[in-house]
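What follows is one structure encoded as structure tokens, with my remarks underneath.
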Amino acid sequence: MGDDKLHRFLHDVSGVELPSRFTYPMYYVPHELCKIAAQEVMDYALNQELWRDELLAGKMLGVLVVRDSNDKLGYLAAYSGNLAHNGNNPYFVPHIYNLLEPQGMFRIGEAQITEINHRIEALENSTKKKELENLRHNTMMNQSIEVGAMTVAHEKAKSHRDALRAAGNLTPEQEQKLIKESQFQKAELRRLKKRHRMELEQIDQRISDQDSTVAHLKAQRKAMSEMLQQQLFRLFVVRNARGESMDVATIFERRLNRLPPGGTGECCAPKLLQYAFLHDLKPVCMAEFWVGQSPHGEVRHHGHYYPACRSKCLPLMVFMLQGLDVEVNPLITKYNDNEVKVIYEDKWLIVINKPAGMLTVPGKDEEAVSALEIVSGMPKNENTRTEADSQSSILVPRTVGVFEVHRLDQATSGLVVFAKTHEVQKLLRQQFEQRTVSKTYLALLDGTPSEKQGTIVLPLRPDPDDRPRQVVDMENGKQAITKYRVLEYRGDKTLVEFTPLTGRTHQLRVHASHPLGLNCPITGDMLYGTASDRLYLHAMTLSFTHPITGEPMSFTSTTNSAFLSN
């Protein structure tokens with residue numbers, strides 16, 4: 001077909017085995033065909049003078065390997081957002097809906113909102129407003145001087161009256177005259193303050209009238225922006241593999257009962273699938289990868305692969321992938337009870353070893369089993385046992401009631417403590433909050449840290465557009481501190497021990513991968529590094545004070561040999 005968006009492989013891929021199912025875009029290891037296509041796209045794009053500098057500044061690109069009507073392989077390429085201020089560049093698939101169309105709704109609505117912005121800016125920076133603010137300031141200064149002068153005069157008159165009274169020679173008529181003088185002066189001061197108050201109120205009203213106009217324009221701008229966004233998302237109509245169509249706004253309303261966030265539909269994954277469905281191309285596999293520098297505060301590495309974002313893309317993917325045979329979400333892997341090993345248990349608490357890939361507590365994916373659910377399903381038994389007492393994988397039964405105290409990331413393996421009563425839960429949580437709990441983690445890193453040991457201090461906050469990703473934010477982030485020491489060098493990998501002094505979400509993962517941290521992602525970290533068979537992060541030790549007995553408790557969990565020998 002004569003499609004300049006469908007590219008044939010420059011490399012020989014005849015010996016590459018095709019995937020049996022399409023990529024699950026939210027969690028995947030890129031297929032070899034995607035890796036080859038991604039490299040060819042980077043080679044081409046970075047050699048284009050028009051795009052090169054913008055790409056090297058940082059951009060997410062994506063590839064979709066497809067088969068055409070003749071069953072021949074090829075691939076499509078896409079970029080997130082715009083490139084060179086354009087949504088429809090040669091070589092890459094176009095936008096689902098072109099926001100930059102000169103006569104389009106977005107351009108017209110944008111022009112109207114821009115006009116309101118100019119009016120707001122003119123009012124806020126107008127000479128009239130500055131004159132009113134200066135008038136208010138000068139009026140207050142003059143009033144203060146006037147009241148001060150009258151107060152001094154009144155105090156002087158009062159001192160004179162007090163002296164006359166102290167002499168003791170006043171007649172009743174003279175005393176009455178002094179009283180009237182005092183009353184008049186107090187009334188005079190009240191009248192002066194009232195007049196000043198009225199003057200300020202008149203000025204404030206003039207300022208308020210102008211502020212009200214600005215507030216009205218801002219409310220008008222917000223309403224227009226929301227209406228424009230809603231109208232636009234009605235025009236963003238996407239298709240799925242069944243040939244069904246639905247606008248983006250309806251997809252979000254039905255799934256999440258809210259409007260889509262700004263930029264929805266502009267990422268690589270939906271653009272690639274949309275083009276394939278519209279041109280009768282059969283998707284084979286897909287991957288998204290970062291080119292250029294990492295954005296400020298975020299962790300993106302040149303040439304690394306990343307999942308589709310959850311806030312904008314996940315609802316679209318649920319619809320657009322219907323009709324395709326898609327890989328099973330690896331995050332809802334079924335686990336057997338015997339994969340959770342009990343390290344210690346008494347009638348107040350239980351310490352377990354959680355496998356990688358298992359949720360600590362129930363999450364949004366109803367099919368994904370959690371460690372808490374497995375522990376909660378144990379039959380009652382008051383006995384106490386430890387892993388040292390029995391190396392078998394048989395679970396130690398529990399007493400009634402198991403409650404969350406802290407969490408490990410789903411991808412992280414290792415020690416977790418649960419409480420058996422609400423009181424114990426409260427007491428254990430206090431220890432975590434007061435940072436009296438000691439934890440160490442074992443991690444395998446891609447790369448070699450510049451120092452053998454040290455402390456990483458990088459404040460973190462969630463990325464609202466792509467949860468659960470975290471970003472480094474020096475101004476608004478929460479304090480996050482991690483100590484580390486190198487245990488062993490293994491060629492291009494390094495085994496390290498982490499000791500977190502705070503407990504932020506993804507703290508160790510970001511501190512390991514961020515350029516201001518170790519700049520060495522944890523092996524298998526899909527969000528901040530490169531996907532592998534697992535995230536090589538293990539909660540190795542856990543120490544706290546028993547909330548009931550006061551006894552120091554310390555536990556160590558060895559990880560599997562594959563982790564240590566990788």
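To be explicit about the labels: the chains of the structure tokens are called A, B, and onward in the order shown, and within each one the residues are counted from 1, while ligands get numbers from 1 in the order they are shown.
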- Residue neighbourhood stretch 512-519 of chain A, 10 Å, only C-alpha atoms, exclusion window fewer than 3 positions, as a PyMOL selection string: chain A and resi 294+297-301+443+445-451+454-458+471-472+482+484+498+506-509+522-523+525+527-529
- Message: Which residues are near stretch 141-150 of chain A? Cut-off 9 Å, only C-alpha atoms, ignore same chain within fewer than 6 positions. Put them as a VMD selection string.
- Response: chain A and resid 185 188 to 189 192 to 193 196
Limited to N, CA, C and O atoms, could you put the picked residues into a file as a JSON list (two decimals), in the first residue's frame?
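Result saved to selection-v4.json:
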```
[["chain", "number", "residue", "atom", "x", "y", "z"],
["A", 185, "GLN", "N", -14.48, 66.32, 72.79],
["A", 185, "GLN", "CA", -13.27, 65.83, 72.14],
["A", 185, "GLN", "C", -13.38, 64.35, 71.76],
["A", 185, "GLN", "O", -12.93, 63.93, 70.69],
["A", 188, "GLU", "N", -15.61, 64.21, 68.85],
["A", 188, "GLU", "CA", -14.90, 64.73, 67.69],
["A", 188, "GLU", "C", -13.98, 63.66, 67.09],
["A", 188, "GLU", "O", -13.91, 63.50, 65.86],
["A", 189, "LEU", "N", -13.30, 62.89, 67.94],
["A", 189, "LEU", "CA", -12.43, 61.82, 67.46],
["A", 189, "LEU", "C", -13.24, 60.72, 66.79],
["A", 189, "LEU", "O", -12.84, 60.18, 65.75],
["A", 192, "LEU", "N", -14.28, 61.92, 63.37],
["A", 192, "LEU", "CA", -13.16, 61.89, 62.45],
["A", 192, "LEU", "C", -12.90, 60.48, 61.95],
["A", 192, "LEU", "O", -12.72, 60.26, 60.74],
["A", 193, "LYS", "N", -12.90, 59.52, 62.85],
["A", 193, "LYS", "CA", -12.67, 58.12, 62.46],
["A", 193, "LYS", "C", -13.78, 57.60, 61.56],
["A", 193, "LYS", "O", -13.53, 56.85, 60.61],
["A", 196, "HIS", "N", -13.20, 59.02, 58.14],
["A", 196, "HIS", "CA", -12.10, 58.30, 57.51],
["A", 196, "HIS", "C", -12.55, 56.92, 57.02],
["A", 196, "HIS", "O", -12.18, 56.49, 55.92]]
```
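Using only C-alpha atoms for every distance, the candidate list A:Val405, A:Leu235, A:Met286, A:Leu542 yields A:Leu235 as the residue closest to A:Tyr97.
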Give the alpha helix (DSSP H) residues of stretch 451-516 of chain A, as assigned by DSSP on the backbone, as a PDB file with N, CA, C and O atoms, in the first residue's frame.
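The resulting file, result29.pdb, is reproduced below:
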```pdb
ATOM      1  N   GLN A 507      10.191   5.678  46.946  1.00  0.00           N
ATOM      2  CA  GLN A 507      11.369   6.443  47.360  1.00  0.00           C
ATOM      3  C   GLN A 507      12.667   5.820  46.861  1.00  0.00           C
ATOM      4  O   GLN A 507      13.501   6.500  46.260  1.00  0.00           O
ATOM      5  N   LEU A 508      12.847   4.534  47.119  1.00  0.00           N
ATOM      6  CA  LEU A 508      14.099   3.888  46.728  1.00  0.00           C
ATOM      7  C   LEU A 508      14.239   3.834  45.209  1.00  0.00           C
ATOM      8  O   LEU A 508      15.331   4.001  44.668  1.00  0.00           O
ATOM      9  N   ARG A 509      13.139   3.631  44.519  1.00  0.00           N
ATOM     10  CA  ARG A 509      13.172   3.505  43.061  1.00  0.00           C
ATOM     11  C   ARG A 509      13.578   4.832  42.408  1.00  0.00           C
ATOM     12  O   ARG A 509      14.372   4.862  41.476  1.00  0.00           O
ATOM     13  N   VAL A 510      13.016   5.941  42.915  1.00  0.00           N
ATOM     14  CA  VAL A 510      13.360   7.254  42.354  1.00  0.00           C
ATOM     15  C   VAL A 510      14.765   7.669  42.771  1.00  0.00           C
ATOM     16  O   VAL A 510      15.545   8.183  41.957  1.00  0.00           O
ATOM     17  N   HIS A 511      15.106   7.458  44.043  1.00  0.00           N
ATOM     18  CA  HIS A 511      16.442   7.828  44.512  1.00  0.00           C
ATOM     19  C   HIS A 511      17.535   7.048  43.771  1.00  0.00           C
ATOM     20  O   HIS A 511      18.641   7.566  43.564  1.00  0.00           O
ATOM     21  N   ALA A 512      17.230   5.828  43.384  1.00  0.00           N
ATOM     22  CA  ALA A 512      18.216   5.044  42.642  1.00  0.00           C
ATOM     23  C   ALA A 512      18.352   5.546  41.203  1.00  0.00           C
ATOM     24  O   ALA A 512      19.459   5.648  40.674  1.00  0.00           O
ATOM     25  N   SER A 513      17.238   5.892  40.569  1.00  0.00           N
ATOM     26  CA  SER A 513      17.255   6.174  39.134  1.00  0.00           C
ATOM     27  C   SER A 513      17.482   7.637  38.775  1.00  0.00           C
ATOM     28  O   SER A 513      17.975   7.941  37.692  1.00  0.00           O
TER      29      SER A 513
END
```
- Message: I'd like the neighbourhood of A:Leu46 as a PyMOL selection string, where a residue qualifies if any of its atoms comes within 12 Å (using only C-alpha atoms), though same-chain residues fewer than 3 positions away should be ignored.
- Response: chain A and resi 38-43+49-59+61+291-292
- Task: Just give me the gap between atom CA of A:Gly262 and atom CA of A:Glu288 in Å, one decimal is fine.
- Result: 20.0 Å
- Using only C-alpha atoms, which residues sit within 8 Å of A:Gln230 once same-chain residues fewer than 3 positions away are excluded, as a ChimeraX atom specification? /A:226-227,233-234,249,259
- Item | Test item: residues at most 12 Å from A:Cys313, only C-alpha atoms, excluding those fewer than 3 positions along its chain, as a PyMOL selection string | chain A and resi 25-26+80+238+248+251-252+260-271+273+307-310+316-321+465-467
Going by DSSP on the backbone, which bits of stretch 220-330 of chain A are strand (DSSP E or B)? Write them as a PDB file with N, CA, C and O atoms, in the first residue's frame, please.
```
ATOM      1  N   VAL A 237     -12.925  11.000  18.737  1.00  0.00           N
ATOM      2  CA  VAL A 237     -13.607   9.709  18.599  1.00  0.00           C
ATOM      3  C   VAL A 237     -12.566   8.645  18.290  1.00  0.00           C
ATOM      4  O   VAL A 237     -11.804   8.765  17.319  1.00  0.00           O
ATOM      5  N   VAL A 238     -12.500   7.624  19.127  1.00  0.00           N
ATOM      6  CA  VAL A 238     -11.522   6.557  18.935  1.00  0.00           C
ATOM      7  C   VAL A 238     -12.234   5.264  18.564  1.00  0.00           C
ATOM      8  O   VAL A 238     -13.423   5.070  18.849  1.00  0.00           O
ATOM      9  N   ARG A 239     -11.494   4.373  17.934  1.00  0.00           N
ATOM     10  CA  ARG A 239     -12.044   3.084  17.502  1.00  0.00           C
ATOM     11  C   ARG A 239     -11.358   1.958  18.269  1.00  0.00           C
ATOM     12  O   ARG A 239     -10.300   2.150  18.878  1.00  0.00           O
ATOM     13  N   SER A 245     -16.849   2.602  17.694  1.00  0.00           N
ATOM     14  CA  SER A 245     -16.333   3.948  17.916  1.00  0.00           C
ATOM     15  C   SER A 245     -16.983   4.571  19.137  1.00  0.00           C
ATOM     16  O   SER A 245     -18.160   4.311  19.430  1.00  0.00           O
ATOM     17  N   MET A 246     -16.226   5.407  19.827  1.00  0.00           N
ATOM     18  CA  MET A 246     -16.763   6.119  20.995  1.00  0.00           C
ATOM     19  C   MET A 246     -15.888   7.336  21.254  1.00  0.00           C
ATOM     20  O   MET A 246     -14.669   7.280  21.085  1.00  0.00           O
ATOM     21  N   ASP A 247     -16.536   8.448  21.628  1.00  0.00           N
ATOM     22  CA  ASP A 247     -15.743   9.641  21.918  1.00  0.00           C
ATOM     23  C   ASP A 247     -15.090   9.519  23.291  1.00  0.00           C
ATOM     24  O   ASP A 247     -15.563   8.798  24.174  1.00  0.00           O
ATOM     25  N   LYS A 282      -3.360  -4.758  11.221  1.00  0.00           N
ATOM     26  CA  LYS A 282      -3.549  -5.613  12.388  1.00  0.00           C
ATOM     27  C   LYS A 282      -2.396  -5.430  13.373  1.00  0.00           C
ATOM     28  O   LYS A 282      -1.240  -5.751  13.064  1.00  0.00           O
ATOM     29  N   PRO A 283      -2.675  -4.929  14.590  1.00  0.00           N
ATOM     30  CA  PRO A 283      -1.610  -4.735  15.589  1.00  0.00           C
ATOM     31  C   PRO A 283      -0.972  -6.058  16.014  1.00  0.00           C
ATOM     32  O   PRO A 283      -1.663  -7.061  16.214  1.00  0.00           O
ATOM     33  N   VAL A 284       0.356  -6.040  16.137  1.00  0.00           N
ATOM     34  CA  VAL A 284       1.110  -7.215  16.556  1.00  0.00           C
ATOM     35  C   VAL A 284       1.716  -6.998  17.948  1.00  0.00           C
ATOM     36  O   VAL A 284       1.571  -7.832  18.837  1.00  0.00           O
ATOM     37  N   CYS A 285       2.390  -5.875  18.147  1.00  0.00           N
ATOM     38  CA  CYS A 285       2.976  -5.535  19.443  1.00  0.00           C
ATOM     39  C   CYS A 285       3.272  -4.037  19.451  1.00  0.00           C
ATOM     40  O   CYS A 285       3.336  -3.398  18.397  1.00  0.00           O
ATOM     41  N   MET A 286       3.484  -3.496  20.634  1.00  0.00           N
ATOM     42  CA  MET A 286       3.632  -2.054  20.768  1.00  0.00           C
ATOM     43  C   MET A 286       4.601  -1.728  21.887  1.00  0.00           C
ATOM     44  O   MET A 286       4.727  -2.481  22.859  1.00  0.00           O
ATOM     45  N   ALA A 287       5.259  -0.574  21.789  1.00  0.00           N
ATOM     46  CA  ALA A 287       6.145  -0.106  22.858  1.00  0.00           C
ATOM     47  C   ALA A 287       6.275   1.407  22.761  1.00  0.00           C
ATOM     48  O   ALA A 287       6.181   1.991  21.679  1.00  0.00           O
ATOM     49  N   GLU A 288       6.493   2.044  23.912  1.00  0.00           N
ATOM     50  CA  GLU A 288       6.767   3.479  23.973  1.00  0.00           C
ATOM     51  C   GLU A 288       8.141   3.665  24.616  1.00  0.00           C
ATOM     52  O   GLU A 288       8.502   2.948  25.555  1.00  0.00           O
ATOM     53  N   PHE A 289       8.896   4.653  24.123  1.00  0.00           N
ATOM     54  CA  PHE A 289      10.258   4.840  24.603  1.00  0.00           C
ATOM     55  C   PHE A 289      10.593   6.323  24.640  1.00  0.00           C
ATOM     56  O   PHE A 289      10.022   7.137  23.911  1.00  0.00           O
ATOM     57  N   TRP A 290      11.540   6.667  25.511  1.00  0.00           N
ATOM     58  CA  TRP A 290      11.918   8.063  25.715  1.00  0.00           C
ATOM     59  C   TRP A 290      13.166   8.391  24.897  1.00  0.00           C
ATOM     60  O   TRP A 290      14.095   7.596  24.814  1.00  0.00           O
ATOM     61  N   VAL A 291      13.163   9.579  24.314  1.00  0.00           N
ATOM     62  CA  VAL A 291      14.306  10.076  23.564  1.00  0.00           C
ATOM     63  C   VAL A 291      14.756  11.398  24.179  1.00  0.00           C
ATOM     64  O   VAL A 291      13.914  12.267  24.467  1.00  0.00           O
ATOM     65  N   TYR A 305      12.253   2.029  27.732  1.00  0.00           N
ATOM     66  CA  TYR A 305      10.836   1.802  27.406  1.00  0.00           C
ATOM     67  C   TYR A 305       9.965   2.069  28.628  1.00  0.00           C
ATOM     68  O   TYR A 305      10.364   1.775  29.762  1.00  0.00           O
ATOM     69  N   TYR A 306       8.778   2.590  28.388  1.00  0.00           N
ATOM     70  CA  TYR A 306       7.875   2.956  29.485  1.00  0.00           C
ATOM     71  C   TYR A 306       6.447   2.536  29.161  1.00  0.00           C
ATOM     72  O   TYR A 306       6.047   2.514  27.991  1.00  0.00           O
ATOM     73  N   VAL A 326      -5.094  -9.819  23.921  1.00  0.00           N
ATOM     74  CA  VAL A 326      -4.081  -9.059  24.648  1.00  0.00           C
ATOM     75  C   VAL A 326      -3.471  -9.910  25.763  1.00  0.00           C
ATOM     76  O   VAL A 326      -4.153 -10.728  26.390  1.00  0.00           O
TER      77      VAL A 326
END
```
Hey, could you make a per-residue contact list for stretch 278-368 of chain A against stretch 547-555 of chain A with 10 Å as the cut-off, showing the nearest pair of atoms and its distance in Å to one decimal, counting only C-alpha atoms, sorted by chain and number, as JSON lines?
```
{"residue": "A:Ile343", "atom": "CA", "partner": "A:Phe555", "partner_atom": "CA", "distance": 7.7}
{"residue": "A:Tyr344", "atom": "CA", "partner": "A:Phe555", "partner_atom": "CA", "distance": 8.4}
{"residue": "A:Trp348", "atom": "CA", "partner": "A:Ile548", "partner_atom": "CA", "distance": 7.8}
{"residue": "A:Leu349", "atom": "CA", "partner": "A:Pro547", "partner_atom": "CA", "distance": 9.2}
{"residue": "A:Val351", "atom": "CA", "partner": "A:Phe555", "partner_atom": "CA", "distance": 8.5}
{"residue": "A:Ile352", "atom": "CA", "partner": "A:Phe555", "partner_atom": "CA", "distance": 9.9}
```
Let's have the selection written as an mmCIF file, in the first residue's frame, with all heavy atoms.
```cif
data_model
loop_
_atom_site.group_PDB
_atom_site.id
_atom_site.type_symbol
_atom_site.label_atom_id
_atom_site.label_comp_id
_atom_site.auth_asym_id
_atom_site.auth_seq_id
_atom_site.Cartn_x
_atom_site.Cartn_y
_atom_site.Cartn_z
ATOM 1 N N ILE A 343 7.058 -15.409 58.688
ATOM 2 C CA ILE A 343 8.353 -15.339 59.376
ATOM 3 C C ILE A 343 8.148 -15.431 60.883
ATOM 4 O O ILE A 343 8.915 -16.065 61.601
ATOM 5 C CB ILE A 343 9.078 -14.020 59.032
ATOM 6 C CG1 ILE A 343 9.207 -13.850 57.519
ATOM 7 C CG2 ILE A 343 10.439 -13.957 59.702
ATOM 8 C CD1 ILE A 343 10.008 -14.920 56.843
ATOM 9 N N TYR A 344 7.080 -14.796 61.374
ATOM 10 C CA TYR A 344 6.809 -14.780 62.813
ATOM 11 C C TYR A 344 5.327 -14.510 63.018
ATOM 12 O O TYR A 344 4.696 -13.795 62.238
ATOM 13 C CB TYR A 344 7.629 -13.685 63.505
ATOM 14 C CG TYR A 344 7.273 -13.481 64.959
ATOM 15 C CD1 TYR A 344 7.850 -14.262 65.962
ATOM 16 C CD2 TYR A 344 6.337 -12.515 65.329
ATOM 17 C CE1 TYR A 344 7.506 -14.087 67.291
ATOM 18 C CE2 TYR A 344 5.990 -12.326 66.659
ATOM 19 C CZ TYR A 344 6.578 -13.116 67.642
ATOM 20 O OH TYR A 344 6.231 -12.941 68.957
ATOM 21 N N TRP A 348 -0.782 -11.047 68.594
ATOM 22 C CA TRP A 348 -0.951 -9.606 68.379
ATOM 23 C C TRP A 348 -0.554 -9.162 66.970
ATOM 24 O O TRP A 348 -1.057 -8.183 66.464
ATOM 25 C CB TRP A 348 -0.119 -8.824 69.397
ATOM 26 C CG TRP A 348 -0.580 -9.017 70.803
ATOM 27 C CD1 TRP A 348 -1.749 -8.595 71.359
ATOM 28 C CD2 TRP A 348 0.131 -9.706 71.826
ATOM 29 N NE1 TRP A 348 -1.818 -8.964 72.672
ATOM 30 C CE2 TRP A 348 -0.674 -9.649 73.004
ATOM 31 C CE3 TRP A 348 1.362 -10.360 71.893
ATOM 32 C CZ2 TRP A 348 -0.276 -10.221 74.201
ATOM 33 C CZ3 TRP A 348 1.753 -10.933 73.087
ATOM 34 C CH2 TRP A 348 0.939 -10.851 74.227
ATOM 35 N N LEU A 349 0.400 -9.888 66.364
ATOM 36 C CA LEU A 349 0.885 -9.454 65.048
ATOM 37 C C LEU A 349 1.417 -10.642 64.256
ATOM 38 O O LEU A 349 1.622 -11.727 64.799
ATOM 39 C CB LEU A 349 1.961 -8.374 65.197
ATOM 40 C CG LEU A 349 3.192 -8.695 66.061
ATOM 41 C CD1 LEU A 349 4.269 -9.407 65.228
ATOM 42 C CD2 LEU A 349 3.772 -7.424 66.665
ATOM 43 N N VAL A 351 4.305 -11.363 60.896
ATOM 44 C CA VAL A 351 5.297 -10.864 59.944
ATOM 45 C C VAL A 351 5.420 -11.890 58.830
ATOM 46 O O VAL A 351 5.632 -13.076 59.093
ATOM 47 C CB VAL A 351 6.668 -10.644 60.616
ATOM 48 C CG1 VAL A 351 7.691 -10.163 59.588
ATOM 49 C CG2 VAL A 351 6.553 -9.655 61.763
ATOM 50 N N ILE A 352 5.285 -11.439 57.571
ATOM 51 C CA ILE A 352 5.335 -12.353 56.433
ATOM 52 C C ILE A 352 6.417 -11.930 55.450
ATOM 53 O O ILE A 352 6.929 -10.823 55.506
ATOM 54 C CB ILE A 352 3.980 -12.400 55.691
ATOM 55 C CG1 ILE A 352 3.707 -11.036 55.023
ATOM 56 C CG2 ILE A 352 2.846 -12.787 56.619
ATOM 57 C CD1 ILE A 352 2.690 -11.082 53.911
#
```
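Among the candidates A:Ile116, A:Ala411, A:Ser532, A:Tyr79, the residue lying nearest to A:Met224 is A:Ile116 (atoms considered: only C-alpha atoms).
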- Tell me which protein, DNA and RNA residues are within 7 Å of A:Val93, counting only C-alpha atoms, leaving out same-chain ones fewer than 4 positions away, and put them as an MDAnalysis selection string. chainID A and resid 5 76:78 88 271:272 275
Written selection (C-alpha atoms) as a PDB file, in the first residue's frame:
```
ATOM      1  CA  LYS A   5       3.110   6.247   7.647  1.00  0.00           C
ATOM      2  CA  LEU A  76       3.944   2.811  12.672  1.00  0.00           C
ATOM      3  CA  ALA A  77       5.624   5.582  14.663  1.00  0.00           C
ATOM      4  CA  ALA A  78       4.153   8.291  16.866  1.00  0.00           C
ATOM      5  CA  ASN A  88       0.807  15.898  11.541  1.00  0.00           C
ATOM      6  CA  LYS A 271      -2.652   7.579  18.201  1.00  0.00           C
ATOM      7  CA  LEU A 272      -0.922   4.407  16.972  1.00  0.00           C
ATOM      8  CA  TYR A 275      -4.319   4.861  12.807  1.00  0.00           C
TER       9      TYR A 275
END
```
